[in-house]
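> Take this structure first; my questions come after.
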Amino acid sequence: MNPSKPPRIWVSNASPKKGEVLRVRAQIEHVMESGLRTDPATGKLRPRNIVNRFEARLDDALLFAWAPGISVAQNPYIEFTFLARQSGTLHFHWKDEGGQALKAEKAITVA
């Protein structure tokens, strides 16, 4: 993961009406190394390191969880929808096999 580059987060409406469907897009920079490619300089396999967990929560409530496999391309892009029922903070959390974690937040206010 690239901690110097913050995740890109987009929410279709930060001030939705109650019952409105919100669309969320999230993307991070990560090489998603499958462990199947050879390093041309050394001739050895590059160690596997993929994002293996993503969670999106509204405050403490889990909205979306994803456990990708090695076939996901670098810089994983995630899109999901949920029904706006209450105001709160969207919490996004990525974790990779190398032990790195990345977090982001986005507030929404339900009218």
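Convention: chains lettered A, B, ... in structure tokens order; per-chain residue numbering from 1; ligands numbered from 1 as shown.
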Considering only C-alpha atoms, return as number ranges by chain whatever protein or nucleic-acid residues lie within 12 Å of range 45-47 of chain A, sequence-local ones (same chain, fewer than 4 positions apart) excluded.
A: 31-41, 97-98
> Got time to write the residues from that selection, all heavy atoms, as a tab-separated table (two decimals), in the first residue's frame?

```tsv
chain	number	residue	atom	x	y	z
A	31	VAL	N	0.14	-2.71	-5.26
A	31	VAL	CA	0.63	-3.48	-6.41
A	31	VAL	C	-0.09	-4.81	-6.58
A	31	VAL	O	-0.09	-5.38	-7.66
A	31	VAL	CB	2.16	-3.73	-6.34
A	31	VAL	CG1	2.92	-2.43	-6.45
A	31	VAL	CG2	2.53	-4.49	-5.09
A	32	MET	N	-0.70	-5.34	-5.51
A	32	MET	CA	-1.42	-6.62	-5.56
A	32	MET	C	-0.53	-7.70	-6.19
A	32	MET	O	-0.88	-8.33	-7.18
A	32	MET	CB	-2.75	-6.48	-6.32
A	32	MET	CG	-3.74	-5.53	-5.67
A	32	MET	SD	-4.33	-6.09	-4.09
A	32	MET	CE	-5.52	-7.31	-4.56
A	33	GLU	N	0.63	-7.91	-5.59
A	33	GLU	CA	1.59	-8.90	-6.10
A	33	GLU	C	1.08	-10.31	-5.82
A	33	GLU	O	0.90	-10.70	-4.68
A	33	GLU	CB	2.96	-8.68	-5.46
A	33	GLU	CG	4.05	-9.52	-6.05
A	33	GLU	CD	4.20	-9.32	-7.55
A	33	GLU	OE1	4.53	-8.20	-7.98
A	33	GLU	OE2	3.98	-10.30	-8.30
A	34	SER	N	0.87	-11.08	-6.86
A	34	SER	CA	0.24	-12.41	-6.76
A	34	SER	C	1.17	-13.49	-6.24
A	34	SER	O	0.71	-14.55	-5.80
A	34	SER	CB	-0.28	-12.84	-8.13
A	34	SER	OG	0.82	-13.08	-9.01
A	35	GLY	N	2.47	-13.27	-6.29
A	35	GLY	CA	3.42	-14.32	-5.91
A	35	GLY	C	3.71	-15.27	-7.06
A	35	GLY	O	4.41	-16.27	-6.88
A	36	LEU	N	3.16	-14.99	-8.23
A	36	LEU	CA	3.34	-15.85	-9.40
A	36	LEU	C	4.29	-15.26	-10.44
A	36	LEU	O	4.60	-15.91	-11.43
A	36	LEU	CB	1.98	-16.14	-10.04
A	36	LEU	CG	0.93	-16.77	-9.13
A	36	LEU	CD1	-0.41	-16.85	-9.84
A	36	LEU	CD2	1.38	-18.13	-8.66
A	37	ARG	N	4.71	-14.01	-10.23
A	37	ARG	CA	5.59	-13.36	-11.20
A	37	ARG	C	7.05	-13.45	-10.77
A	37	ARG	O	7.35	-13.41	-9.58
A	37	ARG	CB	5.22	-11.88	-11.36
A	37	ARG	CG	3.87	-11.66	-11.95
A	37	ARG	CD	3.56	-10.20	-12.24
A	37	ARG	NE	3.99	-9.28	-11.20
A	37	ARG	CZ	4.40	-8.04	-11.44
A	37	ARG	NH1	4.43	-7.57	-12.67
A	37	ARG	NH2	4.77	-7.25	-10.46
A	38	THR	N	7.92	-13.51	-11.75
A	38	THR	CA	9.36	-13.57	-11.50
A	38	THR	C	9.94	-12.16	-11.54
A	38	THR	O	9.59	-11.36	-12.41
A	38	THR	CB	10.06	-14.44	-12.56
A	38	THR	OG1	9.45	-15.72	-12.55
A	38	THR	CG2	11.53	-14.58	-12.29
A	39	ASP	N	10.83	-11.88	-10.61
A	39	ASP	CA	11.55	-10.62	-10.61
A	39	ASP	C	12.66	-10.72	-11.64
A	39	ASP	O	13.54	-11.60	-11.54
A	39	ASP	CB	12.14	-10.37	-9.22
A	39	ASP	CG	12.82	-9.02	-9.11
A	39	ASP	OD1	13.29	-8.46	-10.13
A	39	ASP	OD2	12.91	-8.50	-7.98
A	40	PRO	N	12.66	-9.88	-12.69
A	40	PRO	CA	13.66	-10.00	-13.76
A	40	PRO	C	15.09	-9.81	-13.26
A	40	PRO	O	16.02	-10.40	-13.81
A	40	PRO	CB	13.29	-8.91	-14.77
A	40	PRO	CG	12.03	-8.30	-14.30
A	40	PRO	CD	11.71	-8.82	-12.95
A	41	ALA	N	15.27	-9.01	-12.22
A	41	ALA	CA	16.62	-8.75	-11.73
A	41	ALA	C	17.23	-9.95	-11.00
A	41	ALA	O	18.43	-10.20	-11.10
A	41	ALA	CB	16.60	-7.54	-10.79
A	97	GLU	N	-1.54	-8.60	3.06
A	97	GLU	CA	-0.85	-9.75	3.63
A	97	GLU	C	0.50	-9.40	4.24
A	97	GLU	O	1.05	-10.17	5.02
A	97	GLU	CB	-0.67	-10.84	2.56
A	97	GLU	CG	-1.98	-11.45	2.15
A	97	GLU	CD	-1.84	-12.47	1.05
A	97	GLU	OE1	-0.85	-12.44	0.30
A	97	GLU	OE2	-2.75	-13.30	0.95
A	98	GLY	N	1.02	-8.24	3.89
A	98	GLY	CA	2.28	-7.78	4.47
A	98	GLY	C	2.10	-7.13	5.83
A	98	GLY	O	3.06	-6.69	6.45
```
> Please provide as a PyMOL selection string all residues within 12 Å of Glu55 in chain A, with the sequence filter that same-chain residues fewer than 2 positions apart are discarded (counting only C-alpha atoms).
chain A and resi 26+51-53+57-68+78-80+90-95+101-105
> Which value, in Å to one decimal, gives the distance between CA of Phe82 in chain A and CA of Glu29 in chain A?
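We find that CA of Phe82 in chain A and CA of Glu29 in chain A lie 24.2 Å from each other.
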> Just to confirm, what's the straight-line distance from CA of Lys17 in chain A to CA of Ser87 in chain A in Å (one decimal)?
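CA of Ser87 in chain A lies 10.0 Å from CA of Lys17 in chain A.
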> Leaving out Pro16 in chain A and any residue of its chain fewer than 2 positions from it, which residues lie within 7 Å of it when counting only C-alpha atoms, given as a list in words?
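Close residues of Pro16 in chain A: Asn13, Ala14, Lys18, Glu20, Ala84, Thr109, Val110 and Ala111 of chain A.
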> Mind listing the strand (DSSP E) residues of chain A, per DSSP on the backbone, as number ranges by chain?
A: 8-11, 21-27, 51-58, 61-66, 77-83, 88-96, 101-108
> Kindly export the residues of the current selection with N, CA and C atoms, as a short mmCIF file (atom, residue, chain, number, x, y, z; two decimals), in the first residue's frame.

```
data_model
loop_
_atom_site.label_atom_id
_atom_site.label_comp_id
_atom_site.auth_asym_id
_atom_site.auth_seq_id
_atom_site.Cartn_x
_atom_site.Cartn_y
_atom_site.Cartn_z
N ARG A 8 -8.81 7.13 -2.45
CA ARG A 8 -9.78 7.97 -3.15
C ARG A 8 -11.18 7.46 -2.77
N ILE A 9 -11.98 8.34 -2.18
CA ILE A 9 -13.32 7.99 -1.71
C ILE A 9 -14.32 8.92 -2.38
N TRP A 10 -15.41 8.36 -2.87
CA TRP A 10 -16.48 9.16 -3.46
C TRP A 10 -17.80 8.59 -2.98
N VAL A 11 -18.68 9.47 -2.48
CA VAL A 11 -20.03 9.09 -2.06
C VAL A 11 -20.99 9.90 -2.91
N VAL A 21 -30.74 5.61 -1.66
CA VAL A 21 -29.65 4.66 -1.91
C VAL A 21 -28.39 5.47 -2.24
N LEU A 22 -27.35 5.20 -1.48
CA LEU A 22 -26.07 5.87 -1.70
C LEU A 22 -25.11 4.91 -2.39
N ARG A 23 -24.36 5.46 -3.32
CA ARG A 23 -23.33 4.68 -4.01
C ARG A 23 -21.98 5.17 -3.51
N VAL A 24 -21.12 4.23 -3.16
CA VAL A 24 -19.80 4.55 -2.63
C VAL A 24 -18.74 3.91 -3.53
N ARG A 25 -17.71 4.68 -3.82
CA ARG A 25 -16.57 4.18 -4.59
C ARG A 25 -15.31 4.42 -3.76
N ALA A 26 -14.43 3.43 -3.73
CA ALA A 26 -13.19 3.57 -2.97
C ALA A 26 -12.06 2.90 -3.75
N GLN A 27 -10.90 3.54 -3.74
CA GLN A 27 -9.74 2.98 -4.44
C GLN A 27 -8.47 3.35 -3.69
N VAL A 51 -4.05 -7.21 -1.05
CA VAL A 51 -5.04 -6.76 -0.07
C VAL A 51 -5.94 -7.97 0.17
N ASN A 52 -6.03 -8.38 1.42
CA ASN A 52 -6.84 -9.56 1.70
C ASN A 52 -8.09 -9.26 2.52
N ARG A 53 -8.30 -7.97 2.84
CA ARG A 53 -9.52 -7.62 3.58
C ARG A 53 -9.83 -6.14 3.38
N PHE A 54 -11.10 -5.88 3.10
CA PHE A 54 -11.62 -4.51 3.05
C PHE A 54 -12.92 -4.51 3.81
N GLU A 55 -13.12 -3.49 4.64
CA GLU A 55 -14.38 -3.31 5.34
C GLU A 55 -14.82 -1.86 5.24
N ALA A 56 -16.12 -1.69 5.11
CA ALA A 56 -16.73 -0.36 5.17
C ALA A 56 -17.80 -0.40 6.26
N ARG A 57 -17.75 0.55 7.15
CA ARG A 57 -18.71 0.62 8.26
C ARG A 57 -19.30 2.01 8.32
N LEU A 58 -20.55 2.08 8.77
CA LEU A 58 -21.16 3.35 9.11
C LEU A 58 -21.17 3.36 10.63
N ALA A 61 -21.56 -0.12 12.48
CA ALA A 61 -22.33 -1.10 11.70
C ALA A 61 -21.60 -1.46 10.40
N LEU A 62 -21.36 -2.75 10.20
CA LEU A 62 -20.70 -3.23 8.99
C LEU A 62 -21.65 -3.08 7.80
N LEU A 63 -21.19 -2.38 6.76
CA LEU A 63 -21.97 -2.19 5.53
C LEU A 63 -21.52 -3.16 4.44
N PHE A 64 -20.21 -3.35 4.35
CA PHE A 64 -19.66 -4.12 3.24
C PHE A 64 -18.32 -4.71 3.66
N ALA A 65 -18.09 -5.97 3.34
CA ALA A 65 -16.80 -6.61 3.58
C ALA A 65 -16.40 -7.36 2.32
N TRP A 66 -15.11 -7.37 2.05
CA TRP A 66 -14.60 -7.98 0.83
C TRP A 66 -13.27 -8.66 1.13
N TYR A 77 -10.25 -1.25 -6.88
CA TYR A 77 -11.37 -0.33 -6.90
C TYR A 77 -12.60 -1.09 -6.39
N ILE A 78 -13.31 -0.49 -5.46
CA ILE A 78 -14.48 -1.12 -4.85
C ILE A 78 -15.66 -0.17 -4.99
N GLU A 79 -16.80 -0.74 -5.35
CA GLU A 79 -18.03 0.06 -5.43
C GLU A 79 -19.16 -0.74 -4.79
N PHE A 80 -19.95 -0.07 -3.94
CA PHE A 80 -21.09 -0.72 -3.30
C PHE A 80 -22.15 0.32 -3.01
N THR A 81 -23.35 -0.14 -2.71
CA THR A 81 -24.46 0.76 -2.36
C THR A 81 -25.01 0.37 -0.99
N PHE A 82 -25.66 1.34 -0.35
CA PHE A 82 -26.36 1.07 0.89
C PHE A 82 -27.48 2.09 1.06
N LEU A 83 -28.43 1.77 1.91
CA LEU A 83 -29.60 2.60 2.16
C LEU A 83 -29.30 3.57 3.29
N GLY A 88 -23.81 9.66 10.12
CA GLY A 88 -22.67 9.03 10.77
C GLY A 88 -21.41 9.19 9.94
N THR A 89 -20.42 8.47 10.33
CA THR A 89 -19.13 8.51 9.64
C THR A 89 -18.89 7.16 8.98
N LEU A 90 -18.60 7.19 7.70
CA LEU A 90 -18.21 5.99 6.98
C LEU A 90 -16.74 5.74 7.27
N HIS A 91 -16.42 4.53 7.72
CA HIS A 91 -15.04 4.14 8.02
C HIS A 91 -14.64 3.07 7.02
N PHE A 92 -13.52 3.28 6.35
CA PHE A 92 -12.99 2.34 5.37
C PHE A 92 -11.67 1.79 5.89
N HIS A 93 -11.48 0.48 5.76
CA HIS A 93 -10.27 -0.14 6.27
C HIS A 93 -9.78 -1.22 5.30
N TRP A 94 -8.54 -1.07 4.85
CA TRP A 94 -7.89 -2.05 3.98
C TRP A 94 -6.75 -2.69 4.75
N LYS A 95 -6.51 -3.98 4.53
CA LYS A 95 -5.38 -4.67 5.16
C LYS A 95 -4.77 -5.61 4.13
N ASP A 96 -3.44 -5.63 4.06
CA ASP A 96 -2.79 -6.53 3.12
C ASP A 96 -2.03 -7.64 3.84
N ALA A 101 -1.90 -1.61 6.91
CA ALA A 101 -3.31 -1.24 6.95
C ALA A 101 -3.46 0.21 6.53
N LEU A 102 -4.57 0.52 5.94
CA LEU A 102 -4.87 1.86 5.50
C LEU A 102 -6.30 2.17 5.86
N LYS A 103 -6.55 3.38 6.37
CA LYS A 103 -7.90 3.76 6.79
C LYS A 103 -8.28 5.10 6.18
N ALA A 104 -9.58 5.29 6.02
CA ALA A 104 -10.12 6.56 5.55
C ALA A 104 -11.50 6.74 6.15
N GLU A 105 -11.97 7.97 6.18
CA GLU A 105 -13.30 8.28 6.72
C GLU A 105 -14.01 9.30 5.83
N LYS A 106 -15.32 9.25 5.89
CA LYS A 106 -16.16 10.22 5.15
C LYS A 106 -17.47 10.35 5.91
N ALA A 107 -17.83 11.57 6.27
CA ALA A 107 -19.06 11.81 7.03
C ALA A 107 -20.25 11.93 6.07
N ILE A 108 -21.40 11.45 6.53
CA ILE A 108 -22.66 11.67 5.81
C ILE A 108 -23.69 12.19 6.81
#
```
> Quick one: of A:Ile70, A:Gln100, A:Gly19, A:Arg48, who's nearest to Pro3 in chain A, counting only C-alpha atoms?
A:Gln100
> Rank nothing, just name the residue among A:Asn49, A:Ser15, A:Thr42, A:Ser71 nearest to Gln86 in chain A, using only C-alpha atoms.
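Looking at the shortest contact to Gln86 in chain A, the residue is A:Ser15.
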> Compile the contact shell of His30 in chain A as a PyMOL selection string: residues with an atom at most 7 Å away, counting only C-alpha atoms, same-chain residues fewer than 5 positions apart removed.
chain A and resi 1-2+74-75
> Would you put the residues from that selection into a file with N, CA, C and O atoms, as an mmCIF file, in the first residue's frame?

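Done, and the output landed in result03.cif:
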```cif
data_model
loop_
_atom_site.group_PDB
_atom_site.id
_atom_site.type_symbol
_atom_site.label_atom_id
_atom_site.label_comp_id
_atom_site.auth_asym_id
_atom_site.auth_seq_id
_atom_site.Cartn_x
_atom_site.Cartn_y
_atom_site.Cartn_z
ATOM 1 N N MET A 1 0.851 -1.174 0.000
ATOM 2 C CA MET A 1 0.000 0.000 0.000
ATOM 3 C C MET A 1 0.888 1.225 0.000
ATOM 4 O O MET A 1 2.009 1.175 0.461
ATOM 5 N N ASN A 2 0.353 2.281 -0.494
ATOM 6 C CA ASN A 2 1.116 3.509 -0.545
ATOM 7 C C ASN A 2 0.531 4.491 0.476
ATOM 8 O O ASN A 2 -0.406 5.214 0.164
ATOM 9 N N GLN A 74 -3.963 -4.560 -9.755
ATOM 10 C CA GLN A 74 -3.383 -3.575 -8.835
ATOM 11 C C GLN A 74 -4.313 -2.374 -8.685
ATOM 12 O O GLN A 74 -5.188 -2.145 -9.512
ATOM 13 N N ASN A 75 -4.122 -1.630 -7.618
ATOM 14 C CA ASN A 75 -4.933 -0.458 -7.278
ATOM 15 C C ASN A 75 -6.419 -0.818 -7.215
ATOM 16 O O ASN A 75 -7.229 -0.295 -7.973
#
```
